[in-house]
file final-v7.txt (compact mmCIF, C-alpha atoms)
# COMPACT_ATOMS: atom_id res chain seq x y z
CA MET B 1 183.88 215.40 -30.42
CA LYS B 2 180.21 215.18 -31.38
CA LEU B 3 176.83 215.47 -29.71
CA ARG B 4 174.32 212.65 -29.93
CA ILE B 5 170.74 212.32 -28.65
CA LEU B 6 170.50 209.63 -25.99
CA SER B 7 168.00 206.79 -26.26
CA ASP B 8 165.56 206.41 -23.38
CA HIS B 9 167.56 203.48 -22.00
CA GLU B 10 170.82 205.45 -22.25
CA LEU B 11 169.15 208.43 -20.54
CA GLU B 12 168.02 206.20 -17.66
CA GLN B 13 171.52 204.77 -17.23
CA LEU B 14 173.14 208.21 -17.39
CA TYR B 15 170.66 209.58 -14.86
CA ASN B 16 171.11 206.72 -12.36
CA ILE B 17 174.88 206.46 -12.67
CA HIS B 18 176.02 210.06 -13.24
CA MET B 19 173.34 212.69 -12.73
CA VAL B 20 172.52 211.53 -9.21
CA LYS B 21 176.18 212.17 -8.30
CA ASP B 22 176.74 215.29 -10.41
CA PHE B 23 173.71 217.34 -9.30
CA PRO B 24 172.23 217.84 -5.82
CA ASP B 25 168.62 216.79 -5.22
CA ALA B 26 167.41 220.41 -5.15
CA GLU B 27 168.73 220.97 -8.71
CA ARG B 28 167.94 217.61 -10.28
CA LYS B 29 164.58 216.84 -11.84
CA PRO B 30 163.17 213.35 -11.36
CA LEU B 31 163.80 211.09 -14.33
CA THR B 32 160.05 210.89 -14.98
CA ALA B 33 159.92 214.69 -15.39
CA ILE B 34 162.86 214.64 -17.81
CA ARG B 35 161.17 211.90 -19.83
CA ARG B 36 157.96 213.95 -20.06
CA LEU B 37 159.97 216.91 -21.34
CA VAL B 38 161.71 214.71 -23.92
CA GLU B 39 158.26 213.66 -25.14
CA THR B 40 157.47 217.31 -25.99
CA GLY B 41 160.13 217.14 -28.72
CA ARG B 42 161.87 220.22 -27.33
CA TYR B 43 164.14 218.67 -24.71
CA ASP B 44 167.38 217.08 -25.88
CA PRO B 45 169.31 214.65 -23.64
CA LEU B 46 172.74 214.71 -25.27
CA ALA B 47 175.89 212.65 -24.95
CA ALA B 48 179.20 214.28 -25.87
CA GLU B 49 181.24 211.55 -27.52
CA GLU B 50 184.85 211.36 -28.57
CA ASP B 51 186.72 208.33 -29.89
CA GLY B 52 183.54 206.26 -29.46
CA GLN B 53 183.26 207.03 -25.74
CA VAL B 54 180.89 209.28 -23.83
CA ARG B 55 182.97 212.04 -22.22
CA GLY B 56 180.17 214.24 -20.91
CA TYR B 57 176.52 215.11 -21.29
CA ALA B 58 174.10 218.00 -21.52
CA MET B 59 170.34 218.46 -21.26
CA VAL B 60 168.96 221.30 -23.38
CA TRP B 61 165.40 222.65 -23.35
CA THR B 62 164.36 224.68 -26.41
CA ALA B 63 161.64 227.32 -26.15
CA GLN B 64 158.55 226.89 -28.28
CA GLY B 65 159.24 228.28 -31.74
CA GLY B 66 162.96 227.63 -31.30
CA GLN B 67 163.71 231.08 -29.86
CA GLY B 68 166.51 230.25 -27.48
CA SER B 69 167.56 227.13 -25.61
CA LEU B 70 168.12 226.56 -21.92
CA LEU B 71 171.23 224.58 -20.99
CA GLU B 72 169.74 222.84 -18.01
CA TYR B 73 172.46 220.32 -17.17
CA LEU B 74 176.08 220.04 -18.25
CA ALA B 75 178.71 217.67 -16.88
CA VAL B 76 181.97 216.04 -17.85
CA LEU B 77 182.26 212.48 -16.57
CA ASP B 78 184.36 211.70 -13.51
CA GLY B 79 188.04 211.23 -14.27
CA GLN B 80 187.89 213.42 -17.38
CA ARG B 81 187.43 216.86 -15.83
CA SER B 82 189.83 219.81 -15.96
CA GLY B 83 191.02 218.95 -19.46
CA GLY B 84 188.97 221.44 -21.46
CA LEU B 85 186.17 219.03 -22.38
CA GLY B 86 183.49 221.18 -20.74
CA GLY B 87 184.47 224.17 -22.88
CA ARG B 88 184.49 222.04 -26.02
CA ILE B 89 181.01 220.74 -25.22
CA LEU B 90 179.80 224.31 -24.71
CA ASP B 91 181.21 225.28 -28.12
CA LEU B 92 179.30 222.43 -29.74
CA LEU B 93 176.11 223.41 -27.93
CA ALA B 94 176.48 227.08 -28.93
CA GLY B 95 176.93 226.03 -32.56
CA ARG B 96 173.91 223.75 -32.44
CA TYR B 97 171.48 226.05 -30.60
CA GLY B 98 172.65 229.63 -31.22
CA HIS B 99 170.95 231.43 -28.33
CA LEU B 100 172.03 229.46 -25.26
CA PHE B 101 171.07 230.55 -21.78
CA GLY B 102 171.55 228.93 -18.42
CA GLU B 103 171.20 229.11 -14.68
CA ALA B 104 174.03 228.71 -12.15
CA GLU B 105 173.45 228.71 -8.42
CA ALA B 106 174.12 232.13 -6.91
CA PRO B 107 176.99 232.30 -4.39
CA ASP B 108 174.82 233.27 -1.41
CA ASP B 109 175.13 230.18 0.80
CA ALA B 110 176.23 230.41 4.42
CA ASP B 111 179.01 227.88 3.75
CA PRO B 112 182.14 229.57 2.26
CA ALA B 113 183.20 226.32 0.55
CA VAL B 114 179.83 226.08 -1.23
CA ASN B 115 180.12 229.71 -2.32
CA GLU B 116 183.62 229.12 -3.67
CA LEU B 117 182.37 226.19 -5.76
CA ARG B 118 179.54 228.36 -7.12
CA ARG B 119 181.97 231.18 -7.97
CA ARG B 120 184.23 228.73 -9.80
CA ARG B 121 181.23 227.45 -11.75
CA LEU B 122 180.31 231.00 -12.79
CA GLY B 123 183.94 231.60 -13.76
CA PHE B 124 183.90 228.50 -15.95
CA TYR B 125 180.89 229.78 -17.87
CA ARG B 126 182.39 233.26 -18.23
CA ARG B 127 185.65 231.82 -19.57
CA ASN B 128 183.61 229.90 -22.12
CA GLY B 129 181.72 232.78 -23.69
CA PHE B 130 178.78 233.27 -21.33
CA ARG B 131 177.91 236.54 -19.66
CA VAL B 132 175.97 237.04 -16.44
CA LEU B 133 172.66 238.72 -17.20
CA ASP B 134 171.14 241.70 -15.42
CA TYR B 135 168.39 239.55 -13.87
CA GLU B 136 168.40 236.53 -11.56
CA CYS B 137 165.83 233.80 -11.01
CA ALA B 138 164.68 231.30 -8.42
CA LEU B 139 163.39 227.87 -9.40
CA PHE B 140 161.83 225.56 -6.85
CA GLY B 141 163.39 227.60 -4.06
CA VAL B 142 166.93 227.68 -5.46
CA HIS B 143 168.50 231.08 -6.27
CA TYR B 144 170.33 231.31 -9.62
CA ASN B 145 172.41 233.76 -11.60
CA CYS B 146 171.24 233.79 -15.22
CA LEU B 147 173.75 233.34 -18.04
CA TYR B 148 173.73 233.75 -21.80
CA ARG B 149 175.94 232.90 -24.77
CA GLY B 150 174.90 234.09 -28.20
CA PRO B 151 174.42 237.12 -30.43
CA GLU B 152 171.65 238.87 -28.46
CA THR B 153 172.87 241.96 -26.55
CA ASP B 154 169.57 242.91 -24.87
CA ASP B 155 169.15 241.11 -21.56
CA GLN B 156 165.39 241.68 -21.64
CA ALA B 157 165.18 239.85 -24.97
CA VAL B 158 167.06 236.94 -23.37
CA LEU B 159 164.66 237.09 -20.41
CA ALA B 160 161.73 236.66 -22.83
CA MET B 161 163.40 233.59 -24.39
CA HIS B 162 164.20 232.22 -20.93
CA GLN B 163 160.59 232.60 -19.77
CA ALA B 164 159.28 231.04 -23.00
CA ALA B 165 161.15 227.80 -22.30
CA TYR B 166 158.99 227.28 -19.21
CA ASP B 167 155.78 229.14 -20.11
CA ASP B 168 154.26 226.66 -22.53
CA VAL B 169 155.06 223.55 -20.47
CA PHE B 170 153.70 224.48 -17.04
CA VAL B 171 150.26 225.70 -16.07
CA PRO B 172 150.20 229.32 -14.80
CA PRO B 173 149.55 228.51 -11.10
CA ARG B 174 152.57 226.22 -11.05
CA LEU B 175 154.70 228.78 -12.86
CA ARG B 176 153.80 231.48 -10.35
CA ARG B 177 154.46 229.16 -7.40
CA TYR B 178 157.79 227.60 -8.38
CA PHE B 179 159.34 229.73 -11.15
CA GLN B 180 160.47 233.26 -10.28
CA ILE B 181 161.84 234.50 -13.61
CA PRO B 182 162.97 237.17 -13.06
CA LEU B 183 163.59 237.32 -9.34
CA TYR B 184 163.03 241.00 -8.58
CA PRO B 185 165.40 242.89 -6.24
CA GLY B 186 164.24 242.32 -2.66
CA GLU B 187 161.75 239.62 -3.67
CA ALA B 188 161.62 236.68 -1.27
CA ILE B 189 162.49 233.32 -2.74
CA VAL B 190 159.52 230.98 -2.53
CA PRO B 191 160.68 227.81 -0.77
CA ALA B 192 160.12 224.40 -2.30
CA GLU B 193 161.55 221.04 -1.37
CA ARG B 194 162.61 220.12 -4.90
CA TRP B 195 161.33 219.73 -8.43
CA LEU B 196 157.88 218.18 -8.16
CA ASP B 197 157.22 215.26 -10.47

call {"tool": "encode", "arguments": {"input": "final-v7.txt", "output": "structure tokens"}}
result
Amino acid sequence: MKLRILSDHELEQLYNIHMVKDFPDAERKPLTAIRRLVETGRYDPLAAEEDGQVRGYAMVWTAQGGQGSLLEYLAVLDGQRSGGLGGRILDLLAGRYGHLFGEAEAPDDADPAVNELRRRRLGFYRRNGFRVLDYECALFGVHYNCLYRGPETDDQAVLAMHQAAYDDVFVPPRLRRYFQIPLYPGEAIVPAERWLD
């Protein structure tokens, strides 16, 4: 298996065919926002290919200066899940980026089925070398557990890398309004409809 940067046309197809099904509206950026991030040179839309076929994909956002990378989206294509491909993709990403951090929705929904899905997702990341960090975050009104895979043992150092991925892309008023990193204990989550374009 190998990782390959998607062309703009491939990214558009992947977004319209797969991402719209794989990620709920509240968690999925508009394609125009992803394209703007790609233009910064620090956002990689990646296909995971094996035997000449795309098996999955990932979107990775690297902090300015290369200090840590945010795994923003990861999915194995329909019909190919539960066969270990997700773990193999994570291994490739860890080898490519070193310090890899992520966000997984916190299991605090009123619906037990939704919470079970979120717990399974966290379990998947734990089984594949990630640890849950000692801070949480909220982005555009969605509450997340924060995850990390890499050599750093200090959660506050990971927090600094995590913040740096967003800090140099968004103006401070927007950061304060929509990005709560970290989300302090007892802090109210600021509601937002979804990622604003």

call {"tool": "closest_residue", "arguments": {"input": "final-v7.txt", "among": "B:Ala110, B:Ala188, B:Ala160, B:Ile181", "to": "Asn145 (chain B)", "atoms": "all atoms listed in the file"}}
result
B:Ile181

call {"tool": "atom_distance", "arguments": {"input": "final-v7.txt", "atom1": "CA of Gln80 (chain B)", "atom2": "CA of Leu6 (chain B)"}}
result
19.8 Å

call {"tool": "atom_distance", "arguments": {"input": "final-v7.txt", "atom1": "CA of Val20 (chain B)", "atom2": "CA of Pro107 (chain B)"}}
result
21.8 Å

call {"tool": "closest_residue", "arguments": {"input": "final-v7.txt", "among": "B:Glu103, B:Asp78, B:Glu116, B:Glu72", "to": "Leu37 (chain B)", "atoms": "only C-alpha atoms"}}
result
B:Glu72

call {"tool": "residues_around", "arguments": {"input": "final-v7.txt", "residues": "Arg55 (chain B)", "least_positions_apart": "2", "cutoff": "10 Å", "atoms": "all atoms listed in the file", "output": "list of chain:residue names"}}
result
B:Met1, B:Ala47, B:Ala48, B:Glu49, B:Glu50, B:Asp51, B:Gly52, B:Gln53, B:Tyr57, B:Ala75, B:Val76, B:Leu77, B:Asp78, B:Gly79, B:Gln80, B:Arg81, B:Leu85, B:Gly86, B:Ile89

call {"tool": "closest_residue", "arguments": {"input": "final-v7.txt", "among": "B:Tyr43, B:Tyr184, B:Tyr15, B:Tyr148", "to": "Ala94 (chain B)", "atoms": "all atoms listed in the file"}}
result
B:Tyr148

call {"tool": "closest_residue", "arguments": {"input": "final-v7.txt", "among": "B:Leu133, B:Val114, B:Leu100, B:Ile17", "to": "Gly66 (chain B)", "atoms": "only C-alpha atoms"}}
result
B:Leu100

call {"tool": "axis_aligned_box", "arguments": {"input": "final-v7.txt", "around": "region 125-139 of chain B", "padding_each_side": "4 Å", "output": "lines of an AutoDock Vina configuration file"}}
result
center_x = 174.5
center_y = 234.8
center_z = -16.1
size_x = 30.3
size_y = 21.8
size_z = 23.3

call {"tool": "residues_around", "arguments": {"input": "final-v7.txt", "residues": "Gln64 (chain B)", "least_positions_apart": "6", "cutoff": "9 Å", "atoms": "all atoms listed in the file", "output": "MDAnalysis selection string"}}
result
chainID B and resid 42 164:165 167:168

call {"tool": "write_last_selection", "arguments": {"input": "final-v7.txt", "atoms": "C-alpha atoms", "output": "PDB file, in the coordinates of the input"}}
result
ATOM      1  CA  ARG B  42     161.870 220.220 -27.330  1.00  0.00           C
ATOM      2  CA  ALA B 164     159.280 231.040 -23.000  1.00  0.00           C
ATOM      3  CA  ALA B 165     161.150 227.800 -22.300  1.00  0.00           C
ATOM      4  CA  ASP B 167     155.780 229.140 -20.110  1.00  0.00           C
ATOM      5  CA  ASP B 168     154.260 226.660 -22.530  1.00  0.00           C
TER       6      ASP B 168
END

call {"tool": "closest_residue", "arguments": {"input": "final-v7.txt", "among": "B:Gly41, B:Pro112, B:Gly84, B:Pro191", "to": "Gly56 (chain B)", "atoms": "only C-alpha atoms"}}
result
B:Gly84

call {"tool": "residues_around", "arguments": {"input": "final-v7.txt", "residues": "Asp134 (chain B)", "least_positions_apart": "3", "cutoff": "12 Å", "atoms": "all atoms listed in the file", "output": "PyMOL selection string"}}
result
chain B and resi 131+137+144-148+153-159+181-185

call {"tool": "closest_residue", "arguments": {"input": "final-v7.txt", "among": "B:Gly150, B:Arg36, B:Ala192, B:Phe179", "to": "Gln67 (chain B)", "atoms": "all atoms listed in the file"}}
result
B:Gly150
